[in-house]
Amino acid sequence: MVQRTPQVPAAQHEADETAWLEQTAELVRDGRFDQIDAAALAEYLTDMAKRDRRVVFNRLVVLLAHLLKWEHQPSGRCGSWQATILEKQRELRQLLESGTLRNHAEAVLADAYAEARRQAADEAEVGVETFPAACAWGVDDLLAEPNV
C-alpha cells in the first residue's frame with residue numbers, strides 16, 4: 001500500500017512561509033505534484049515576479065534621481081550621493097542579468113525617470129523644470145561605470 005503525505009495546508013503558506021516553501025520544494029523534488037497546493041504556489045510565484053519588477057523600478061528611480069542631482073547640482077555633490085549611485089548601479093547590474101527584468105527596465109525607464117525627476121526636485125527643493133523632461137540615459141548608460 002502506498003502511503004501518501006497529506007497535502008500541505010493552504011493556510012500554512014501564510015502562517016510559516018519558509019516552512020511551506022521548504023515542504024513545497026521537497027514535494028517538487030520528490031515528484032509528488034499531486035500534493036502541492038498549486039493555487040498557492042502559483043500566487044506566490046506571481047507575487048515574486050511582481051516584487052522583482054517593483055524592485056527594478058524603485059532602484060531605477062533612486063539611481064536616476066541621484067544622477068539628476070549629481071549632474072544638475074554640482075555644488076551639492078557629496079560622498080553619500082556618489083555611494084548611492086554606485087550601489088544602485090551594482091544592484092541593477094545584478095538584477096538585470098535576468099533578461100526578463102532587463103526588458104522590464106527598458107519598458108519602464110521613461111516612467112521611472114518621470115518619478116525620479118519629481119523626487120529629485122522635491123529633495124533638491126527646486127522646480128521639476130530644473131531637470132530635463134526626457135531621460136538622457138538608456139539602461140546601458142545607467143549600468144556603465146563610472147557615472148560619477
# chains A, B, ... in the order shown; residues from 1 in each chain; ligands from 1
>>> select_by_dssp(residues="stretch 3-62 of chain A", states="helix (DSSP H, G or I)", output="short mmCIF file (atom, residue, chain, number, x, y, z; two decimals) with C-alpha atoms, in the first residue's frame")
data_model
loop_
_atom_site.label_atom_id
_atom_site.label_comp_id
_atom_site.auth_asym_id
_atom_site.auth_seq_id
_atom_site.Cartn_x
_atom_site.Cartn_y
_atom_site.Cartn_z
CA GLN A 12 0.41 27.19 6.05
CA HIS A 13 1.98 29.44 3.45
CA GLU A 14 0.55 32.36 5.41
CA ALA A 15 1.45 31.03 8.87
CA GLU A 17 6.08 30.86 4.61
CA THR A 18 9.59 29.42 4.90
CA ALA A 19 8.35 26.05 6.14
CA TRP A 20 5.74 25.99 3.37
CA LEU A 21 8.38 26.79 0.74
CA GLU A 22 10.69 24.07 2.05
CA GLN A 23 7.89 21.50 2.08
CA THR A 24 6.73 22.51 -1.38
CA ALA A 25 10.29 22.26 -2.71
CA GLU A 26 10.57 18.78 -1.22
CA LEU A 27 7.31 17.75 -2.87
CA VAL A 28 8.60 19.02 -6.21
CA ARG A 29 11.95 17.25 -5.81
CA PHE A 33 2.98 17.14 -7.71
CA ASP A 34 -0.49 15.97 -6.71
CA GLN A 35 0.28 17.04 -3.13
CA ALA A 38 -0.84 24.61 -6.88
CA ALA A 39 -3.03 27.69 -6.42
CA ALA A 40 -0.96 28.98 -3.51
CA LEU A 41 2.29 28.21 -5.32
CA ALA A 42 1.13 29.98 -8.49
CA GLU A 43 0.08 33.00 -6.45
CA TYR A 44 3.42 33.02 -4.62
CA LEU A 45 5.42 32.82 -7.85
CA THR A 46 3.35 35.60 -9.43
CA ASP A 47 3.93 37.77 -6.37
CA MET A 48 7.67 37.10 -6.58
CA ALA A 49 7.76 38.25 -10.19
CA LYS A 50 5.80 41.40 -9.31
CA ARG A 51 8.17 42.07 -6.42
CA ASP A 52 11.20 41.74 -8.68
CA ARG A 53 9.68 44.19 -11.15
CA ARG A 54 8.92 46.67 -8.34
CA VAL A 55 12.49 46.36 -7.07
CA VAL A 56 13.88 47.16 -10.53
CA PHE A 57 11.56 50.16 -10.89
CA ASN A 58 12.39 51.51 -7.43
CA ARG A 59 16.14 51.13 -7.93
CA LEU A 60 15.90 52.89 -11.27
CA VAL A 61 14.06 55.79 -9.61
CA VAL A 62 16.67 56.16 -6.87
#
>>> residues_around(residues="stretch 130-147 of chain A", least_positions_apart="4", cutoff="9 Å", atoms="only C-alpha atoms", output="PDB file with N, CA and C atoms, in the first residue's frame")
ATOM      1  N   LEU A  60      15.724  51.942 -10.168  1.00  0.00           N
ATOM      2  CA  LEU A  60      15.897  52.895 -11.272  1.00  0.00           C
ATOM      3  C   LEU A  60      15.560  54.308 -10.812  1.00  0.00           C
ATOM      4  N   LEU A  63      18.374  55.635  -8.530  1.00  0.00           N
ATOM      5  CA  LEU A  63      19.577  55.908  -9.319  1.00  0.00           C
ATOM      6  C   LEU A  63      19.395  57.155 -10.179  1.00  0.00           C
ATOM      7  N   LEU A  64      18.287  57.228 -10.889  1.00  0.00           N
ATOM      8  CA  LEU A  64      18.048  58.377 -11.766  1.00  0.00           C
ATOM      9  C   LEU A  64      17.949  59.684 -10.984  1.00  0.00           C
ATOM     10  N   LEU A  67      21.425  60.676 -10.048  1.00  0.00           N
ATOM     11  CA  LEU A  67      22.176  61.134 -11.220  1.00  0.00           C
ATOM     12  C   LEU A  67      21.716  62.529 -11.653  1.00  0.00           C
ATOM     13  N   LEU A  68      20.425  62.777 -11.575  1.00  0.00           N
ATOM     14  CA  LEU A  68      19.922  64.115 -11.913  1.00  0.00           C
ATOM     15  C   LEU A  68      20.505  65.165 -10.979  1.00  0.00           C
ATOM     16  N   LYS A  69      20.473  64.892  -9.688  1.00  0.00           N
ATOM     17  CA  LYS A  69      21.029  65.841  -8.727  1.00  0.00           C
ATOM     18  C   LYS A  69      22.535  66.012  -8.953  1.00  0.00           C
ATOM     19  N   HIS A  72      22.991  68.087 -12.285  1.00  0.00           N
ATOM     20  CA  HIS A  72      22.424  69.434 -12.362  1.00  0.00           C
ATOM     21  C   HIS A  72      22.634  70.264 -11.106  1.00  0.00           C
ATOM     22  N   GLN A  82      27.303  59.874  -4.289  1.00  0.00           N
ATOM     23  CA  GLN A  82      28.144  59.000  -5.106  1.00  0.00           C
ATOM     24  C   GLN A  82      27.989  57.544  -4.667  1.00  0.00           C
ATOM     25  N   ILE A  85      24.688  56.180  -5.928  1.00  0.00           N
ATOM     26  CA  ILE A  85      24.744  55.928  -7.370  1.00  0.00           C
ATOM     27  C   ILE A  85      25.468  54.614  -7.647  1.00  0.00           C
ATOM     28  N   LEU A  86      26.624  54.431  -7.047  1.00  0.00           N
ATOM     29  CA  LEU A  86      27.405  53.215  -7.277  1.00  0.00           C
ATOM     30  C   LEU A  86      26.688  51.975  -6.758  1.00  0.00           C
ATOM     31  N   LYS A  88      23.343  51.531  -6.384  1.00  0.00           N
ATOM     32  CA  LYS A  88      22.186  51.220  -7.224  1.00  0.00           C
ATOM     33  C   LYS A  88      22.622  50.675  -8.581  1.00  0.00           C
ATOM     34  N   GLN A  89      23.730  51.171  -9.120  1.00  0.00           N
ATOM     35  CA  GLN A  89      24.251  50.601 -10.365  1.00  0.00           C
ATOM     36  C   GLN A  89      24.607  49.128 -10.162  1.00  0.00           C
ATOM     37  N   ARG A  90      25.287  48.836  -9.070  1.00  0.00           N
ATOM     38  CA  ARG A  90      25.687  47.451  -8.775  1.00  0.00           C
ATOM     39  C   ARG A  90      24.464  46.566  -8.607  1.00  0.00           C
ATOM     40  N   LEU A  92      21.418  47.032  -9.753  1.00  0.00           N
ATOM     41  CA  LEU A  92      20.714  46.880 -11.027  1.00  0.00           C
ATOM     42  C   LEU A  92      21.467  45.954 -11.976  1.00  0.00           C
ATOM     43  N   ARG A  93      22.796  46.046 -11.999  1.00  0.00           N
ATOM     44  CA  ARG A  93      23.557  45.130 -12.857  1.00  0.00           C
ATOM     45  C   ARG A  93      23.255  43.687 -12.488  1.00  0.00           C
ATOM     46  N   ARG A 102      15.624  42.833 -17.407  1.00  0.00           N
ATOM     47  CA  ARG A 102      16.256  43.848 -18.263  1.00  0.00           C
ATOM     48  C   ARG A 102      15.219  44.432 -19.229  1.00  0.00           C
ATOM     49  N   ALA A 105      13.105  46.768 -17.313  1.00  0.00           N
ATOM     50  CA  ALA A 105      13.789  48.043 -17.063  1.00  0.00           C
ATOM     51  C   ALA A 105      13.693  48.950 -18.289  1.00  0.00           C
ATOM     52  N   GLU A 106      13.906  48.376 -19.456  1.00  0.00           N
ATOM     53  CA  GLU A 106      13.787  49.151 -20.697  1.00  0.00           C
ATOM     54  C   GLU A 106      12.368  49.696 -20.854  1.00  0.00           C
ATOM     55  N   LEU A 109      11.593  52.547 -18.118  1.00  0.00           N
ATOM     56  CA  LEU A 109      12.594  53.596 -17.908  1.00  0.00           C
ATOM     57  C   LEU A 109      11.977  54.992 -17.952  1.00  0.00           C
ATOM     58  N   ALA A 110      11.122  55.263 -18.900  1.00  0.00           N
ATOM     59  CA  ALA A 110      10.519  56.607 -19.007  1.00  0.00           C
ATOM     60  C   ALA A 110       9.669  56.924 -17.775  1.00  0.00           C
ATOM     61  N   TYR A 113      11.961  57.517 -14.865  1.00  0.00           N
ATOM     62  CA  TYR A 113      12.589  58.831 -14.990  1.00  0.00           C
ATOM     63  C   TYR A 113      11.629  59.932 -14.539  1.00  0.00           C
ATOM     64  N   ALA A 114      10.388  59.843 -14.943  1.00  0.00           N
ATOM     65  CA  ALA A 114       9.404  60.853 -14.535  1.00  0.00           C
ATOM     66  C   ALA A 114       9.286  60.905 -13.015  1.00  0.00           C
ATOM     67  N   ARG A 117      12.526  62.366 -11.565  1.00  0.00           N
ATOM     68  CA  ARG A 117      12.574  63.816 -11.787  1.00  0.00           C
ATOM     69  C   ARG A 117      11.799  64.552 -10.687  1.00  0.00           C
ATOM     70  N   ALA A 120      13.797  64.057  -7.376  1.00  0.00           N
ATOM     71  CA  ALA A 120      14.986  64.910  -7.332  1.00  0.00           C
ATOM     72  C   ALA A 120      14.598  66.363  -7.068  1.00  0.00           C
ATOM     73  N   ALA A 121      13.526  66.810  -7.698  1.00  0.00           N
ATOM     74  CA  ALA A 121      13.063  68.183  -7.483  1.00  0.00           C
ATOM     75  C   ALA A 121      12.641  68.386  -6.039  1.00  0.00           C
ATOM     76  N   VAL A 126      13.712  72.311  -5.603  1.00  0.00           N
ATOM     77  CA  VAL A 126      13.695  73.136  -6.812  1.00  0.00           C
ATOM     78  C   VAL A 126      12.488  72.707  -7.638  1.00  0.00           C
TER      79      VAL A 126
END
>>> residues_around(residues="A:Arg77", least_positions_apart="6", cutoff="10 Å", atoms="only C-alpha atoms", output="list in words")
His66, Lys69, Trp70, Glu71 and Val148 of chain A
>>> write_last_selection(atoms="C-alpha atoms", output="PDB file, in the first residue's frame")
ATOM      1  CA  HIS A  66      20.715  60.831  -7.726  1.00  0.00           C
ATOM      2  CA  LYS A  69      21.029  65.841  -8.727  1.00  0.00           C
ATOM      3  CA  TRP A  70      24.674  64.937  -9.415  1.00  0.00           C
ATOM      4  CA  GLU A  71      24.562  66.343 -12.938  1.00  0.00           C
ATOM      5  CA  VAL A 148      30.128  59.757 -11.195  1.00  0.00           C
TER       6      VAL A 148
END
